[in-house]
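Notes to accompany the following structure.
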Amino acid sequence: MKKEANVTLTVPAKPEYVDLVRLTLYGIAAKMNFSYEEIEDMKVAVSEACNNAVLHAYGEEESGTVEIIFAAADDEMLRISVRDQGGSFEPGPHRHASSLHGKSIEEIQSGGLGLYLMQALMDSVEVNTEQGTTVVLTKRRMTVEKV
Amino acid sequence: MGKGFRVHMQTDKLTFRTENRDGATVVHIAGELDLEVASQMRTAMEPLMQQSDRRLVLNLRDLKYIDSTGIGILIGVLKARHARSAPFAVEEVPDSVRKLFDMTGISPFLSAAEQSGETTNPTNNQ
């Protein structure tokens with residue numbers, strides 16, 4: 001892929017389409033020469049963003065879509081935007097990052113793990129909730145000289 | 001598939017089968033454990049979680065992918081076994097899965113369960 005290249009994928013906001021997003025991500029990131037481990041990291045992060053859209057964006061009766069834009073910059077950086085058109089702007093557990101570190105077995109729960117993983121696995125995570133929810137995940141390919 | 005295995009659930013994505021090993025129930029989970037298969041997985045685990053008299057072991061050797069939904073299921077199993085003081089362990093965790101276990105902080109709970117033979121709080125709580 002040259003300088004700036006975008007690939008857009010729109011899928012129904014349903015659990016069975018999230019692996020399709022992972023497959024697409026794999027193809028794009030492999031073309032950009034991301035390492036196996038970096039690709040695995042991004043796979044989890046993008047799936048978490050999609051899971052949130054699938055679970056929280058639309059009501060039970062509503063059918064909606066999730067749009068994923070993969071934007072490659074200079075073959076070195078991949079920016080993935082995951083956008084839904086859902087009306088949910090109340091703060092849910094998915095808006096709060098939380099891990100299990102330092103907790104007791106009675107306290108641990110899965111709420112907040114998705115966002116926590118996105119933050120841990122990507123270089124940056126931005127969440128915008130102006131019209132629906134957009135999560136922008138960015139990862140720079142590891143280069144030889146590490147800062 | 002070897003003898004003595006019982007297949008509980010099989011989709012294109014995830015296989016869930018159990019084996020009897022020295023009085024323990026060993027569950028082999030293979031494939032991708034994500035949101036799509038989470039509820040089936042929960043349903044398949046439910047009766048096994050309640051057998052307090054038997055040791056429960058999850059073998060993850062062929063688990064290729066897990067996300068926070070899958071880790072959430074493990075949290076549920078940990079808690080259920082802890083509440084019953086029932087033995088529980090996870091074995092043969094692949095590196096890619098181990099990384100996510102470490103990152104989320106579930107690892108100490110899993111190894112605490114492994115060492116004591118039952119689910120307790122991790123000793124190195126920080």
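Ordered as shown in the structure tokens, chains take letters A, B, and onward, while each chain numbers its residues from 1 and ligands are numbered from 1 in the order shown.
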Discussion item. Can you tell me which residues surround Met122 (chain A) at a distance of at most 8 Å, considering only C-alpha atoms, apart from same-chain residues fewer than 2 positions away, and format the answer as an MDAnalysis selection string?
Written reply: chainID A and resid 41:42 45 118:120 124:125 137:139
Within 10 Å of chain A, which residues of chain B show up? Give each one with its shortest atom-to-atom distance in Å (one decimal) and the two atoms involved, counting only C-alpha atoms, rows by chain then rising residue number, as a Markdown table.
| residue | atom | partner | partner_atom | distance |
| --- | --- | --- | --- | --- |
| B:Lys13 | CA | A:Asp19 | CA | 9.7 |
| B:Glu32 | CA | A:Asp19 | CA | 9.3 |
| B:Asp34 | CA | A:Pro15 | CA | 8.5 |
| B:Leu35 | CA | A:Pro15 | CA | 5.8 |
| B:Glu36 | CA | A:Pro15 | CA | 4.7 |
| B:Val37 | CA | A:Pro15 | CA | 8.5 |
| B:Ala38 | CA | A:Pro15 | CA | 9.7 |
| B:Tyr65 | CA | A:Val44 | CA | 8.3 |
| B:Ile66 | CA | A:Val44 | CA | 7.8 |
| B:Asp67 | CA | A:Val44 | CA | 6.2 |
| B:Ser68 | CA | A:Gly114 | CA | 5.5 |
| B:Thr69 | CA | A:Ser110 | CA | 7.6 |
| B:Gly70 | CA | A:Ser110 | CA | 9.4 |
| B:Ile71 | CA | A:Ser110 | CA | 7.3 |
| B:Gly72 | CA | A:Ser110 | CA | 4.8 |
| B:Ile73 | CA | A:Ser110 | CA | 8.4 |
| B:Leu74 | CA | A:Ser110 | CA | 9.4 |
| B:Ile75 | CA | A:Gln109 | CA | 6.6 |
| B:Gly76 | CA | A:Gln109 | CA | 8.0 |
| B:Leu78 | CA | A:Ile105 | CA | 7.9 |
| B:Lys79 | CA | A:Ile105 | CA | 6.7 |
| B:His82 | CA | A:Ile105 | CA | 8.1 |
| B:Ala83 | CA | A:Glu106 | CA | 9.2 |
| B:Ser96 | CA | A:Glu40 | CA | 7.8 |
| B:Lys99 | CA | A:Asp41 | CA | 9.7 |
| B:Leu100 | CA | A:Leu117 | CA | 8.0 |
| B:Phe101 | CA | A:Leu100 | CA | 9.9 |
| B:Asp102 | CA | A:His101 | CA | 9.3 |
| B:Met103 | CA | A:Leu117 | CA | 7.5 |
| B:Thr104 | CA | A:Ser99 | CA | 5.2 |
| B:Gly105 | CA | A:Leu100 | CA | 4.7 |
| B:Ile106 | CA | A:Leu100 | CA | 6.2 |
| B:Ser107 | CA | A:Leu100 | CA | 9.3 |
| B:Pro108 | CA | A:His101 | CA | 8.8 |
| B:Phe109 | CA | A:Ile105 | CA | 7.4 |
| B:Thr119 | CA | A:Ile105 | CA | 8.5 |
| B:Thr120 | CA | A:Ile105 | CA | 7.2 |
| B:Asn121 | CA | A:Ile105 | CA | 5.6 |
| B:Pro122 | CA | A:Ser104 | CA | 7.6 |
| B:Thr123 | CA | A:Ser104 | CA | 9.9 |
| B:Asn124 | CA | A:Gly102 | CA | 8.6 |
| B:Asn125 | CA | A:Gly102 | CA | 5.2 |
| B:Gln126 | CA | A:Gly102 | CA | 4.7 |
Can I get the selection written as a tab-separated table (two decimals), in the first residue's frame, with N, CA and C atoms?
chain	number	residue	atom	x	y	z
B	13	LYS	N	-16.13	-22.55	14.60
B	13	LYS	CA	-15.21	-21.68	15.31
B	13	LYS	C	-14.64	-22.28	16.58
B	32	GLU	N	-11.67	-20.48	18.37
B	32	GLU	CA	-11.78	-19.07	18.73
B	32	GLU	C	-12.91	-18.85	19.72
B	34	ASP	N	-14.91	-16.18	21.20
B	34	ASP	CA	-15.25	-14.76	21.11
B	34	ASP	C	-16.74	-14.56	21.38
B	35	LEU	N	-17.19	-13.34	21.13
B	35	LEU	CA	-18.58	-12.96	21.43
B	35	LEU	C	-19.60	-13.88	20.75
B	36	GLU	N	-19.28	-14.30	19.52
B	36	GLU	CA	-20.23	-15.11	18.76
B	36	GLU	C	-20.56	-16.43	19.45
B	37	VAL	N	-19.56	-17.04	20.08
B	37	VAL	CA	-19.78	-18.36	20.67
B	37	VAL	C	-19.89	-18.32	22.20
B	38	ALA	N	-19.83	-17.10	22.76
B	38	ALA	CA	-19.78	-16.97	24.22
B	38	ALA	C	-20.98	-17.60	24.94
B	65	TYR	N	-7.68	-18.07	19.84
B	65	TYR	CA	-8.04	-16.68	20.02
B	65	TYR	C	-9.00	-16.55	21.20
B	66	ILE	N	-8.79	-15.53	21.99
B	66	ILE	CA	-9.73	-15.23	23.07
B	66	ILE	C	-9.83	-13.71	23.20
B	67	ASP	N	-11.02	-13.22	23.55
B	67	ASP	CA	-11.15	-11.77	23.78
B	67	ASP	C	-11.73	-11.56	25.18
B	68	SER	N	-12.14	-10.34	25.49
B	68	SER	CA	-12.60	-10.06	26.86
B	68	SER	C	-13.87	-10.83	27.19
B	69	THR	N	-14.63	-11.19	26.16
B	69	THR	CA	-15.83	-12.00	26.40
B	69	THR	C	-15.43	-13.37	26.94
B	70	GLY	N	-14.42	-13.96	26.30
B	70	GLY	CA	-13.93	-15.28	26.73
B	70	GLY	C	-13.31	-15.20	28.12
B	71	ILE	N	-12.55	-14.15	28.36
B	71	ILE	CA	-11.94	-13.98	29.69
B	71	ILE	C	-13.03	-13.78	30.74
B	72	GLY	N	-14.12	-13.12	30.34
B	72	GLY	CA	-15.26	-12.95	31.22
B	72	GLY	C	-15.86	-14.30	31.63
B	73	ILE	N	-15.89	-15.24	30.70
B	73	ILE	CA	-16.39	-16.58	31.01
B	73	ILE	C	-15.47	-17.26	32.04
B	74	LEU	N	-14.16	-17.10	31.83
B	74	LEU	CA	-13.21	-17.68	32.79
B	74	LEU	C	-13.39	-17.08	34.18
B	75	ILE	N	-13.66	-15.77	34.23
B	75	ILE	CA	-13.90	-15.12	35.52
B	75	ILE	C	-15.11	-15.77	36.20
B	76	GLY	N	-16.15	-16.01	35.41
B	76	GLY	CA	-17.35	-16.66	35.93
B	76	GLY	C	-17.06	-18.05	36.49
B	78	LEU	N	-14.07	-19.17	37.55
B	78	LEU	CA	-13.25	-18.97	38.75
B	78	LEU	C	-14.12	-18.69	39.97
B	79	LYS	N	-15.05	-17.75	39.80
B	79	LYS	CA	-15.90	-17.35	40.91
B	79	LYS	C	-16.80	-18.49	41.37
B	82	HIS	N	-14.73	-21.02	43.18
B	82	HIS	CA	-14.31	-20.46	44.47
B	82	HIS	C	-15.47	-20.52	45.46
B	83	ALA	N	-16.65	-20.15	45.02
B	83	ALA	CA	-17.82	-20.14	45.91
B	83	ALA	C	-18.13	-21.53	46.44
B	96	SER	N	0.17	-16.68	23.15
B	96	SER	CA	-0.65	-15.53	22.76
B	96	SER	C	-1.80	-15.32	23.75
B	99	LYS	N	-0.39	-14.03	27.18
B	99	LYS	CA	-0.12	-12.58	27.14
B	99	LYS	C	-1.36	-11.80	27.57
B	100	LEU	N	-2.52	-12.20	27.06
B	100	LEU	CA	-3.76	-11.49	27.41
B	100	LEU	C	-4.18	-11.77	28.86
B	101	PHE	N	-3.89	-12.98	29.33
B	101	PHE	CA	-4.18	-13.31	30.73
B	101	PHE	C	-3.32	-12.42	31.65
B	102	ASP	N	-2.06	-12.24	31.28
B	102	ASP	CA	-1.16	-11.42	32.10
B	102	ASP	C	-1.61	-9.96	32.08
B	103	MET	N	-1.93	-9.51	30.86
B	103	MET	CA	-2.31	-8.12	30.67
B	103	MET	C	-3.56	-7.75	31.48
B	104	THR	N	-4.57	-8.60	31.42
B	104	THR	CA	-5.83	-8.29	32.10
B	104	THR	C	-5.73	-8.49	33.61
B	105	GLY	N	-4.76	-9.34	34.03
B	105	GLY	CA	-4.61	-9.58	35.46
B	105	GLY	C	-5.33	-10.82	35.95
B	106	ILE	N	-5.77	-11.68	35.03
B	106	ILE	CA	-6.45	-12.90	35.47
B	106	ILE	C	-5.43	-13.99	35.83
B	107	SER	N	-4.20	-13.87	35.32
B	107	SER	CA	-3.17	-14.91	35.54
B	107	SER	C	-2.98	-15.32	36.99
B	108	PRO	N	-2.80	-14.37	37.93
B	108	PRO	CA	-2.59	-14.78	39.32
B	108	PRO	C	-3.75	-15.61	39.88
B	109	PHE	N	-4.96	-15.31	39.46
B	109	PHE	CA	-6.11	-16.07	39.94
B	109	PHE	C	-6.06	-17.50	39.40
B	119	THR	N	-9.87	-22.61	44.11
B	119	THR	CA	-9.75	-21.22	43.75
B	119	THR	C	-9.72	-20.31	44.97
B	120	THR	N	-8.61	-19.63	45.13
B	120	THR	CA	-8.47	-18.69	46.23
B	120	THR	C	-7.99	-17.37	45.68
B	121	ASN	N	-7.82	-16.43	46.52
B	121	ASN	CA	-7.26	-15.15	46.06
B	121	ASN	C	-5.77	-15.30	45.81
B	122	PRO	N	-5.24	-14.60	44.80
B	122	PRO	CA	-3.81	-14.72	44.55
B	122	PRO	C	-3.02	-14.19	45.76
B	123	THR	N	-1.91	-14.82	46.06
B	123	THR	CA	-1.13	-14.40	47.22
B	123	THR	C	-0.38	-13.10	46.95
B	124	ASN	N	0.04	-12.94	45.69
B	124	ASN	CA	0.78	-11.72	45.35
B	124	ASN	C	-0.15	-10.62	44.87
B	125	ASN	N	-1.04	-10.26	45.71
B	125	ASN	CA	-1.97	-9.20	45.34
B	125	ASN	C	-1.25	-7.86	45.43
B	126	GLN	N	-1.18	-7.16	44.31
B	126	GLN	CA	-0.51	-5.86	44.39
B	126	GLN	C	-1.42	-4.77	43.86
Practice prompt. Would you mind listing what lies within 6 Å of region 74-81 of chain A as JSON, numbers by chain, with only C-alpha atoms counted and same-chain residues fewer than 2 positions away left out?
Written response: {"A": [3, 32, 68, 69, 70, 71, 72, 135, 136, 137, 138, 139, 140, 141]}
Item to complete: To one decimal in Å, tell me the separation between CA of Val57 (chain B) and CA of Val90 (chain B).
Response: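 We find that CA of Val57 (chain B) and CA of Val90 (chain B) lie 5.5 Å from each other.
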Within chain B, find each residue whose DSSP state, derived from the backbone, is alpha helix (DSSP H), and express the selection as an mmCIF file with N, CA and C atoms, in the first residue's frame.
data_model
loop_
_atom_site.group_PDB
_atom_site.id
_atom_site.type_symbol
_atom_site.label_atom_id
_atom_site.label_comp_id
_atom_site.auth_asym_id
_atom_site.auth_seq_id
_atom_site.Cartn_x
_atom_site.Cartn_y
_atom_site.Cartn_z
ATOM 1 N N LEU B 35 -17.191 -13.338 21.132
ATOM 2 C CA LEU B 35 -18.576 -12.964 21.425
ATOM 3 C C LEU B 35 -19.600 -13.884 20.747
ATOM 4 N N GLU B 36 -19.280 -14.301 19.522
ATOM 5 C CA GLU B 36 -20.229 -15.107 18.759
ATOM 6 C C GLU B 36 -20.557 -16.435 19.445
ATOM 7 N N VAL B 37 -19.564 -17.040 20.077
ATOM 8 C CA VAL B 37 -19.776 -18.364 20.671
ATOM 9 C C VAL B 37 -19.895 -18.321 22.199
ATOM 10 N N ALA B 38 -19.830 -17.104 22.761
ATOM 11 C CA ALA B 38 -19.780 -16.967 24.221
ATOM 12 C C ALA B 38 -20.976 -17.598 24.937
ATOM 13 N N SER B 39 -22.190 -17.360 24.423
ATOM 14 C CA SER B 39 -23.341 -17.851 25.175
ATOM 15 C C SER B 39 -23.429 -19.377 25.103
ATOM 16 N N GLN B 40 -23.056 -19.961 23.961
ATOM 17 C CA GLN B 40 -23.026 -21.425 23.848
ATOM 18 C C GLN B 40 -22.000 -22.016 24.801
ATOM 19 N N MET B 41 -20.876 -21.320 24.885
ATOM 20 C CA MET B 41 -19.797 -21.780 25.758
ATOM 21 C C MET B 41 -20.240 -21.740 27.226
ATOM 22 N N ARG B 42 -20.925 -20.648 27.587
ATOM 23 C CA ARG B 42 -21.429 -20.521 28.967
ATOM 24 C C ARG B 42 -22.391 -21.654 29.304
ATOM 25 N N THR B 43 -23.290 -21.921 28.366
ATOM 26 C CA THR B 43 -24.268 -22.985 28.571
ATOM 27 C C THR B 43 -23.584 -24.348 28.717
ATOM 28 N N ALA B 44 -22.561 -24.578 27.899
ATOM 29 C CA ALA B 44 -21.852 -25.862 27.951
ATOM 30 C C ALA B 44 -21.071 -26.009 29.262
ATOM 31 N N MET B 45 -20.561 -24.895 29.790
ATOM 32 C CA MET B 45 -19.768 -24.924 31.029
ATOM 33 C C MET B 45 -20.630 -25.079 32.269
ATOM 34 N N GLU B 46 -21.829 -24.564 32.199
ATOM 35 C CA GLU B 46 -22.696 -24.458 33.387
ATOM 36 C C GLU B 46 -22.771 -25.742 34.228
ATOM 37 N N PRO B 47 -23.175 -26.888 33.647
ATOM 38 C CA PRO B 47 -23.294 -28.097 34.478
ATOM 39 C C PRO B 47 -21.949 -28.566 35.047
ATOM 40 N N LEU B 48 -20.863 -28.327 34.306
ATOM 41 C CA LEU B 48 -19.543 -28.781 34.768
ATOM 42 C C LEU B 48 -19.065 -27.960 35.958
ATOM 43 N N MET B 49 -19.398 -26.655 35.931
ATOM 44 C CA MET B 49 -18.984 -25.751 37.004
ATOM 45 C C MET B 49 -19.587 -26.175 38.341
ATOM 46 N N SER B 68 -12.139 -10.342 25.489
ATOM 47 C CA SER B 68 -12.598 -10.056 26.856
ATOM 48 C C SER B 68 -13.872 -10.831 27.190
ATOM 49 N N THR B 69 -14.630 -11.192 26.157
ATOM 50 C CA THR B 69 -15.828 -11.996 26.396
ATOM 51 C C THR B 69 -15.428 -13.373 26.936
ATOM 52 N N GLY B 70 -14.420 -13.961 26.301
ATOM 53 C CA GLY B 70 -13.932 -15.276 26.727
ATOM 54 C C GLY B 70 -13.309 -15.203 28.117
ATOM 55 N N ILE B 71 -12.550 -14.148 28.365
ATOM 56 C CA ILE B 71 -11.936 -13.975 29.685
ATOM 57 C C ILE B 71 -13.035 -13.781 30.735
ATOM 58 N N GLY B 72 -14.117 -13.115 30.337
ATOM 59 C CA GLY B 72 -15.264 -12.953 31.225
ATOM 60 C C GLY B 72 -15.860 -14.301 31.626
ATOM 61 N N ILE B 73 -15.889 -15.237 30.699
ATOM 62 C CA ILE B 73 -16.393 -16.583 31.013
ATOM 63 C C ILE B 73 -15.472 -17.260 32.038
ATOM 64 N N LEU B 74 -14.164 -17.098 31.834
ATOM 65 C CA LEU B 74 -13.210 -17.681 32.793
ATOM 66 C C LEU B 74 -13.388 -17.078 34.183
ATOM 67 N N ILE B 75 -13.657 -15.772 34.233
ATOM 68 C CA ILE B 75 -13.901 -15.120 35.524
ATOM 69 C C ILE B 75 -15.111 -15.768 36.198
ATOM 70 N N GLY B 76 -16.146 -16.015 35.409
ATOM 71 C CA GLY B 76 -17.355 -16.659 35.929
ATOM 72 C C GLY B 76 -17.061 -18.046 36.495
ATOM 73 N N VAL B 77 -16.223 -18.808 35.772
ATOM 74 C CA VAL B 77 -15.877 -20.155 36.236
ATOM 75 C C VAL B 77 -15.060 -20.065 37.532
ATOM 76 N N LEU B 78 -14.075 -19.166 37.548
ATOM 77 C CA LEU B 78 -13.251 -18.970 38.754
ATOM 78 C C LEU B 78 -14.116 -18.686 39.971
ATOM 79 N N LYS B 79 -15.049 -17.754 39.797
ATOM 80 C CA LYS B 79 -15.904 -17.348 40.913
ATOM 81 C C LYS B 79 -16.803 -18.492 41.366
ATOM 82 N N ALA B 80 -17.368 -19.196 40.404
ATOM 83 C CA ALA B 80 -18.278 -20.295 40.738
ATOM 84 C C ALA B 80 -17.538 -21.393 41.491
ATOM 85 N N ARG B 81 -16.325 -21.712 41.043
ATOM 86 C CA ARG B 81 -15.547 -22.763 41.709
ATOM 87 C C ARG B 81 -15.096 -22.293 43.092
ATOM 88 N N HIS B 82 -14.727 -21.019 43.178
ATOM 89 C CA HIS B 82 -14.313 -20.458 44.465
ATOM 90 C C HIS B 82 -15.467 -20.523 45.464
ATOM 91 N N ALA B 83 -16.649 -20.150 45.020
ATOM 92 C CA ALA B 83 -17.819 -20.139 45.906
ATOM 93 C C ALA B 83 -18.128 -21.535 46.441
ATOM 94 N N ASP B 95 1.108 -19.120 24.322
ATOM 95 C CA ASP B 95 1.740 -17.832 24.628
ATOM 96 C C ASP B 95 0.852 -16.629 24.323
ATOM 97 N N SER B 96 0.168 -16.682 23.151
ATOM 98 C CA SER B 96 -0.649 -15.527 22.763
ATOM 99 C C SER B 96 -1.796 -15.320 23.748
ATOM 100 N N VAL B 97 -2.320 -16.408 24.280
ATOM 101 C CA VAL B 97 -3.408 -16.329 25.250
ATOM 102 C C VAL B 97 -2.856 -15.896 26.611
ATOM 103 N N ARG B 98 -1.699 -16.466 26.962
ATOM 104 C CA ARG B 98 -1.028 -16.111 28.223
ATOM 105 C C ARG B 98 -0.781 -14.602 28.305
ATOM 106 N N LYS B 99 -0.389 -14.026 27.179
ATOM 107 C CA LYS B 99 -0.124 -12.579 27.145
ATOM 108 C C LYS B 99 -1.365 -11.801 27.575
ATOM 109 N N LEU B 100 -2.517 -12.198 27.062
ATOM 110 C CA LEU B 100 -3.761 -11.494 27.408
ATOM 111 C C LEU B 100 -4.176 -11.774 28.856
ATOM 112 N N PHE B 101 -3.894 -12.975 29.325
ATOM 113 C CA PHE B 101 -4.176 -13.307 30.728
ATOM 114 C C PHE B 101 -3.324 -12.419 31.647
ATOM 115 N N ASP B 102 -2.056 -12.244 31.282
ATOM 116 C CA ASP B 102 -1.163 -11.418 32.103
ATOM 117 C C ASP B 102 -1.611 -9.960 32.080
ATOM 118 N N MET B 103 -1.935 -9.513 30.856
ATOM 119 C CA MET B 103 -2.313 -8.120 30.669
ATOM 120 C C MET B 103 -3.562 -7.747 31.477
ATOM 121 N N THR B 104 -4.569 -8.603 31.422
ATOM 122 C CA THR B 104 -5.832 -8.287 32.102
ATOM 123 C C THR B 104 -5.731 -8.493 33.610
ATOM 124 N N SER B 107 -4.197 -13.870 35.320
ATOM 125 C CA SER B 107 -3.172 -14.907 35.538
ATOM 126 C C SER B 107 -2.982 -15.323 36.994
ATOM 127 N N PRO B 108 -2.805 -14.367 37.929
ATOM 128 C CA PRO B 108 -2.587 -14.782 39.322
ATOM 129 C C PRO B 108 -3.747 -15.607 39.880
ATOM 130 N N PHE B 109 -4.956 -15.313 39.456
ATOM 131 C CA PHE B 109 -6.112 -16.073 39.937
ATOM 132 C C PHE B 109 -6.058 -17.503 39.400
ATOM 133 N N LEU B 110 -5.646 -17.618 38.131
ATOM 134 C CA LEU B 110 -5.574 -18.943 37.521
ATOM 135 C C LEU B 110 -4.459 -19.768 38.140
ATOM 136 N N SER B 111 -3.293 -19.131 38.397
ATOM 137 C CA SER B 111 -2.210 -19.936 38.972
ATOM 138 C C SER B 111 -2.454 -20.207 40.449
ATOM 139 N N ALA B 112 -3.142 -19.302 41.138
ATOM 140 C CA ALA B 112 -3.505 -19.572 42.533
ATOM 141 C C ALA B 112 -4.404 -20.787 42.588
ATOM 142 N N ALA B 113 -5.318 -20.872 41.627
ATOM 143 C CA ALA B 113 -6.235 -22.009 41.567
ATOM 144 C C ALA B 113 -5.451 -23.291 41.313
ATOM 145 N N GLU B 114 -4.454 -23.192 40.435
ATOM 146 C CA GLU B 114 -3.656 -24.345 40.061
ATOM 147 C C GLU B 114 -2.847 -24.886 41.241
ATOM 148 N N GLN B 115 -2.240 -23.963 41.989
ATOM 149 C CA GLN B 115 -1.343 -24.386 43.064
ATOM 150 C C GLN B 115 -2.073 -24.969 44.261
ATOM 151 N N SER B 116 -3.171 -24.340 44.627
ATOM 152 C CA SER B 116 -3.823 -24.785 45.856
ATOM 153 C C SER B 116 -4.830 -25.891 45.584
#
Discussion item. Could you tell me how far CA of Gly4 (chain B) sits from CA of Leu33 (chain B), in Å to one decimal place?
Written reply: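 Between CA of Leu33 (chain B) and CA of Gly4 (chain B) the gap is 23.6 Å.
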Worksheet item: If you run DSSP on the backbone, which residues of region 35-136 of chain A are strand (DSSP E), as number ranges by chain?
Response: A: 65-73, 77-84, 124-128, 133-136
Fill in: Distance in Å - CA of His96 (chain A) versus CA of Asp84 (chain A)
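Separating CA of His96 (chain A) from CA of Asp84 (chain A) is a distance of 18.1 Å.
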